[in-house]
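S.K.: So that you have it, the file is final37.txt, and it contains compact mmCIF, C-alpha atoms:
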```txt
# COMPACT_ATOMS: atom_id res chain seq x y z
CA MET A 1 0.00 0.00 0.00
CA ILE A 2 1.29 3.45 -0.89
CA GLU A 3 0.12 6.29 1.36
CA ILE A 4 0.40 9.88 0.18
CA GLU A 5 -0.73 13.28 1.41
CA THR A 6 -1.97 15.55 -1.32
CA GLU A 7 -1.41 19.25 -0.80
CA LYS A 8 -4.00 21.03 -2.95
CA PRO A 9 -7.63 20.63 -4.03
CA VAL A 10 -6.30 19.41 -7.39
CA ASP A 11 -2.88 17.83 -7.24
CA VAL A 12 -0.83 15.45 -9.38
CA VAL A 13 1.74 13.16 -7.78
CA ASP A 14 4.24 11.04 -9.71
CA ILE A 15 4.14 7.73 -7.83
CA THR A 16 6.39 5.77 -10.22
CA ASP A 17 9.29 5.48 -7.75
CA HIS A 18 6.93 4.29 -4.97
CA VAL A 19 5.49 1.62 -7.25
CA GLU A 20 8.96 0.59 -8.42
CA ARG A 21 10.11 0.12 -4.79
CA THR A 22 7.03 -1.95 -3.99
CA MET A 23 7.63 -4.03 -7.10
CA GLN A 24 11.29 -4.62 -6.20
CA GLU A 25 10.34 -5.69 -2.65
CA SER A 26 7.91 -8.27 -4.07
CA GLY A 27 10.70 -10.31 -5.63
CA VAL A 28 8.52 -11.06 -8.69
CA GLU A 29 10.70 -11.59 -11.74
CA ASN A 30 8.07 -11.44 -14.53
CA GLY A 31 4.37 -10.65 -14.43
CA ILE A 32 2.11 -7.64 -14.11
CA CYS A 33 1.82 -4.80 -11.63
CA LEU A 34 -1.66 -3.55 -10.73
CA VAL A 35 -1.86 -0.04 -9.27
CA TYR A 36 -5.33 0.76 -7.89
CA SER A 37 -6.69 3.86 -6.17
CA LEU A 38 -8.98 3.24 -3.21
CA HIS A 39 -10.84 6.53 -3.72
CA THR A 40 -13.72 7.75 -5.90
CA THR A 41 -12.38 11.26 -6.47
CA THR A 42 -8.91 10.36 -7.72
CA GLY A 43 -7.52 9.06 -10.99
CA LEU A 44 -4.51 7.14 -12.23
CA THR A 45 -2.83 7.22 -15.61
CA VAL A 46 0.45 6.42 -17.31
CA ASN A 47 1.73 9.43 -19.20
CA GLU A 48 4.52 11.96 -19.41
CA ALA A 49 5.13 13.95 -16.21
CA ASP A 50 5.60 17.17 -18.14
CA SER A 51 4.07 20.15 -16.26
CA ALA A 52 2.57 21.65 -19.43
CA LEU A 53 0.95 18.34 -20.37
CA ILE A 54 -0.40 17.91 -16.83
CA LYS A 55 -1.97 21.38 -17.02
CA ASP A 56 -3.51 20.40 -20.37
CA ILE A 57 -4.98 17.22 -18.86
CA LEU A 58 -6.40 19.15 -15.89
CA ASN A 59 -7.83 21.83 -18.19
CA LEU A 60 -9.48 19.15 -20.32
CA LEU A 61 -11.05 17.50 -17.26
CA GLN A 62 -12.28 20.91 -16.07
CA ARG A 63 -13.87 21.64 -19.45
CA ILE A 64 -15.59 18.25 -19.62
CA ALA A 65 -16.81 18.19 -16.00
CA PRO A 66 -16.59 21.69 -14.50
CA ARG A 67 -17.18 22.44 -10.83
CA GLY A 68 -20.68 23.69 -9.96
CA ALA A 69 -22.44 22.74 -13.20
CA GLY A 70 -25.69 21.79 -11.45
CA TYR A 71 -24.94 18.12 -10.74
CA GLN A 72 -27.34 16.11 -8.56
CA HIS A 73 -24.51 14.94 -6.27
CA ASP A 74 -23.57 18.54 -5.46
CA ARG A 75 -26.67 18.75 -3.26
CA GLY A 76 -24.80 16.59 -0.78
CA ASP A 77 -21.02 16.74 -0.88
CA GLY A 78 -20.53 19.43 -3.52
CA ASN A 79 -17.82 17.41 -5.25
CA ALA A 80 -19.66 15.83 -8.17
CA HIS A 81 -17.15 17.31 -10.61
CA ALA A 82 -14.35 15.35 -8.90
CA HIS A 83 -16.30 12.07 -9.13
CA LEU A 84 -17.05 12.69 -12.81
CA GLN A 85 -13.45 13.62 -13.62
CA ALA A 86 -12.22 10.51 -11.78
CA THR A 87 -14.64 8.38 -13.78
CA LEU A 88 -13.18 9.78 -17.00
CA MET A 89 -9.63 8.99 -15.87
CA GLY A 90 -10.13 5.58 -14.32
CA ASN A 91 -8.86 4.27 -11.00
CA ASN A 92 -6.17 1.78 -12.04
CA VAL A 93 -3.26 1.04 -14.32
CA ILE A 94 -1.54 -2.23 -15.18
CA ILE A 95 2.15 -2.31 -16.07
CA PRO A 96 4.11 -5.35 -17.30
CA VAL A 97 7.06 -6.58 -15.21
CA GLU A 98 10.10 -8.15 -16.85
CA GLY A 99 13.38 -8.96 -15.13
CA ARG A 100 12.15 -7.38 -11.85
CA ARG A 101 11.57 -4.05 -13.61
CA LEU A 102 8.47 -2.17 -14.69
CA VAL A 103 8.24 -2.19 -18.49
CA MET A 104 7.70 1.47 -19.28
CA GLY A 105 8.69 3.77 -22.12
CA THR A 106 11.30 6.49 -21.76
CA TRP A 107 8.86 9.22 -20.75
CA GLN A 108 6.15 7.13 -19.12
CA ARG A 109 5.38 7.76 -15.46
CA ILE A 110 2.58 6.61 -13.16
CA LEU A 111 0.59 9.71 -12.25
CA PHE A 112 -1.90 9.96 -9.38
CA PHE A 113 -4.51 12.70 -9.80
CA GLU A 114 -6.11 14.19 -6.68
CA LEU A 115 -9.37 15.82 -7.71
CA ASP A 116 -10.94 16.61 -4.29
CA GLY A 117 -8.14 17.34 -1.85
CA PRO A 118 -6.09 17.91 0.02
CA ARG A 119 -6.42 14.50 1.65
CA ARG A 120 -4.52 11.43 2.80
CA ARG A 121 -4.80 8.84 0.03
CA SER A 122 -4.08 5.12 -0.28
CA ILE A 123 -2.99 3.35 -3.44
CA PHE A 124 -3.01 -0.44 -3.53
CA VAL A 125 -0.24 -2.17 -5.47
CA ARG A 126 -0.30 -5.88 -6.34
CA ILE A 127 2.39 -7.64 -8.35
CA LEU A 128 1.29 -10.91 -9.97
CA GLU A 129 3.46 -13.61 -11.57
```
Show me this structure written as structure tokens.
M.R.:
Amino acid sequence: MIEIETEKPVDVVDITDHVERTMQESGVENGICLVYSLHTTTGLTVNEADSALIKDILNLLQRIAPRGAGYQHDRGDGNAHAHLQATLMGNNVIIPVEGRRLVMGTWQRILFFELDGPRRRSIFVRILE
């Protein structure tokens, strides 16, 4: 389990190194690595950790599911936009493992998107042979 503290209402954390450490500790030589968020207002993706690209992704999510657009769920928690954005992103990624290493391209990173923070968040990691 990876535990992180997000710092802002919308925050992006590169968790690749955390996942890599967990994978190394598993001792699995070849298989797959499942990374799964335990929260309904967060997202996970594999992409480039370029700040301009991250801003573009966040702007796209904001345009598709803006805050305060009259959602039914806002009558309760007021965070429907975060749930909708998380639904668009998805809550898990699967990465191949070969030779005790994550198989990722040169620029690929595992990015955790906080969409309703700041909060303490848990990310489950399971490595399967």
S.K.: Can you pull out every residue within 9 Å of A:Arg121, counting all atoms listed in the file, but drop anything in the same chain fewer than 4 positions away, and send it as a list in words?
M.R.: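 Neighbouring residues, sequence-local ones excluded: Ile2, Glu3, Ile4, Glu5, Thr6, Ser37, Leu38, His39, Thr42 and Glu114 of chain A.
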S.K.: Could you check which residues have any atom within 10 Å of (5.7, -1.2, -19.8), counting all atoms listed in the file with coordinates taken straight from the file, and then list them as a compact mmCIF listing (two decimals) with C-alpha atoms, in the coordinates of the input?
M.R.:
```
# COMPACT_ATOMS: atom_id res chain seq x y z
CA ILE A 32 2.11 -7.64 -14.11
CA CYS A 33 1.82 -4.80 -11.63
CA VAL A 46 0.45 6.42 -17.31
CA ILE A 94 -1.54 -2.23 -15.18
CA ILE A 95 2.15 -2.31 -16.07
CA PRO A 96 4.11 -5.35 -17.30
CA VAL A 97 7.06 -6.58 -15.21
CA GLU A 98 10.10 -8.15 -16.85
CA ARG A 101 11.57 -4.05 -13.61
CA LEU A 102 8.47 -2.17 -14.69
CA VAL A 103 8.24 -2.19 -18.49
CA MET A 104 7.70 1.47 -19.28
CA GLY A 105 8.69 3.77 -22.12
CA THR A 106 11.30 6.49 -21.76
CA GLN A 108 6.15 7.13 -19.12
CA ARG A 109 5.38 7.76 -15.46
```
S.K.: Find the residue from A:Val13, A:Ala82, A:Val19, A:Met89 that sits nearest to A:Ile57; use all atoms listed in the file when measuring.
M.R.: A:Met89
S.K.: May I ask which of the residues A:Arg75, A:Leu34, A:Ala49, A:Gly70 is the closest one to A:Trp107, counting only C-alpha atoms?
M.R.: A:Ala49
S.K.: What is the distance, in Å and to one decimal place, between atom CA of A:Arg63 and atom CA of A:Leu44?
M.R.: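 Atom CA of A:Leu44 lies at a distance of 18.7 Å from atom CA of A:Arg63.
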S.K.: Give me the residues within 6 Å of A:Phe124 as a ChimeraX atom specification, counting only C-alpha atoms and dropping any in the same chain fewer than 3 places off.
M.R.: /A:1,35-36
S.K.: Applying 10 Å and all atoms listed in the file, which residues near A:Asn79 remain after dropping the ones on its own chain fewer than 6 positions away? List them as a list in words.
M.R.: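 Here the answer would be Thr41, Arg67, Gly68, Tyr71, His73, Leu115 and Asp116 of chain A.
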S.K.: Set the distance at 7 Å and use only C-alpha atoms: which residues neighbour A:Asp14 once local chain neighbours fewer than 2 positions away are removed? I'd like the list as JSON, numbers by chain.
M.R.: {"A": [12, 16, 109, 110, 111, 112]}
S.K.: As a list in words, please: the residues near A:Gln72 (cut-off 12 Å, only C-alpha atoms, same-chain neighbours under 6 positions excluded).
M.R.: Gly78, Asn79, Ala80, His81, His83 and Leu84 of chain A
S.K.: Of the candidates A:Gln85, A:Gly27, A:Pro9, A:Val125, which shows the shortest atom-to-atom distance to A:Leu61, using all atoms listed in the file?
M.R.: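 Of A:Gln85, A:Gly27, A:Pro9, A:Val125, the one nearest A:Leu61 is A:Gln85, counting all atoms listed in the file.
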S.K.: So what do you get for atom CA of A:Asn91 versus atom CA of A:Ser26, distance-wise?
M.R.: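 Between atom CA of A:Asn91 and atom CA of A:Ser26 the gap is 22.1 Å.
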S.K.: Between atom CA of A:Arg119 and atom CA of A:Lys8, what is the spacing in Å?
M.R.: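 Atom CA of A:Arg119 lies at a distance of 8.3 Å from atom CA of A:Lys8.
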S.K.: Find the residue from A:Met23, A:Asn59, A:Phe113, A:Ile54 that sits nearest to A:Gly90; use all atoms listed in the file when measuring.
M.R.: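 The closest residue to A:Gly90 is A:Phe113.
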S.K.: I need stretch 33-78 of chain A written out with C-alpha atoms, as a PDB file, in the first residue's frame; please produce it.
M.R.:
```pdb
ATOM      1  CA  CYS A  33       1.819  -4.804 -11.630  1.00  0.00           C
ATOM      2  CA  LEU A  34      -1.658  -3.548 -10.733  1.00  0.00           C
ATOM      3  CA  VAL A  35      -1.859  -0.041  -9.268  1.00  0.00           C
ATOM      4  CA  TYR A  36      -5.332   0.760  -7.890  1.00  0.00           C
ATOM      5  CA  SER A  37      -6.694   3.865  -6.175  1.00  0.00           C
ATOM      6  CA  LEU A  38      -8.983   3.244  -3.207  1.00  0.00           C
ATOM      7  CA  HIS A  39     -10.838   6.532  -3.724  1.00  0.00           C
ATOM      8  CA  THR A  40     -13.717   7.749  -5.899  1.00  0.00           C
ATOM      9  CA  THR A  41     -12.381  11.264  -6.475  1.00  0.00           C
ATOM     10  CA  THR A  42      -8.910  10.357  -7.725  1.00  0.00           C
ATOM     11  CA  GLY A  43      -7.517   9.064 -10.990  1.00  0.00           C
ATOM     12  CA  LEU A  44      -4.515   7.140 -12.227  1.00  0.00           C
ATOM     13  CA  THR A  45      -2.834   7.218 -15.609  1.00  0.00           C
ATOM     14  CA  VAL A  46       0.448   6.424 -17.314  1.00  0.00           C
ATOM     15  CA  ASN A  47       1.731   9.431 -19.205  1.00  0.00           C
ATOM     16  CA  GLU A  48       4.519  11.956 -19.406  1.00  0.00           C
ATOM     17  CA  ALA A  49       5.128  13.947 -16.208  1.00  0.00           C
ATOM     18  CA  ASP A  50       5.598  17.175 -18.136  1.00  0.00           C
ATOM     19  CA  SER A  51       4.072  20.149 -16.265  1.00  0.00           C
ATOM     20  CA  ALA A  52       2.565  21.654 -19.432  1.00  0.00           C
ATOM     21  CA  LEU A  53       0.951  18.344 -20.368  1.00  0.00           C
ATOM     22  CA  ILE A  54      -0.400  17.910 -16.829  1.00  0.00           C
ATOM     23  CA  LYS A  55      -1.966  21.383 -17.024  1.00  0.00           C
ATOM     24  CA  ASP A  56      -3.510  20.403 -20.368  1.00  0.00           C
ATOM     25  CA  ILE A  57      -4.984  17.222 -18.856  1.00  0.00           C
ATOM     26  CA  LEU A  58      -6.398  19.145 -15.889  1.00  0.00           C
ATOM     27  CA  ASN A  59      -7.835  21.829 -18.187  1.00  0.00           C
ATOM     28  CA  LEU A  60      -9.477  19.147 -20.321  1.00  0.00           C
ATOM     29  CA  LEU A  61     -11.055  17.502 -17.257  1.00  0.00           C
ATOM     30  CA  GLN A  62     -12.278  20.910 -16.068  1.00  0.00           C
ATOM     31  CA  ARG A  63     -13.873  21.640 -19.452  1.00  0.00           C
ATOM     32  CA  ILE A  64     -15.591  18.251 -19.624  1.00  0.00           C
ATOM     33  CA  ALA A  65     -16.811  18.185 -15.996  1.00  0.00           C
ATOM     34  CA  PRO A  66     -16.590  21.688 -14.496  1.00  0.00           C
ATOM     35  CA  ARG A  67     -17.184  22.440 -10.829  1.00  0.00           C
ATOM     36  CA  GLY A  68     -20.681  23.693  -9.965  1.00  0.00           C
ATOM     37  CA  ALA A  69     -22.444  22.736 -13.197  1.00  0.00           C
ATOM     38  CA  GLY A  70     -25.691  21.786 -11.449  1.00  0.00           C
ATOM     39  CA  TYR A  71     -24.937  18.116 -10.737  1.00  0.00           C
ATOM     40  CA  GLN A  72     -27.338  16.112  -8.564  1.00  0.00           C
ATOM     41  CA  HIS A  73     -24.515  14.936  -6.274  1.00  0.00           C
ATOM     42  CA  ASP A  74     -23.572  18.538  -5.457  1.00  0.00           C
ATOM     43  CA  ARG A  75     -26.674  18.746  -3.263  1.00  0.00           C
ATOM     44  CA  GLY A  76     -24.805  16.591  -0.777  1.00  0.00           C
ATOM     45  CA  ASP A  77     -21.025  16.745  -0.880  1.00  0.00           C
ATOM     46  CA  GLY A  78     -20.526  19.430  -3.519  1.00  0.00           C
TER      47      GLY A  78
END
```
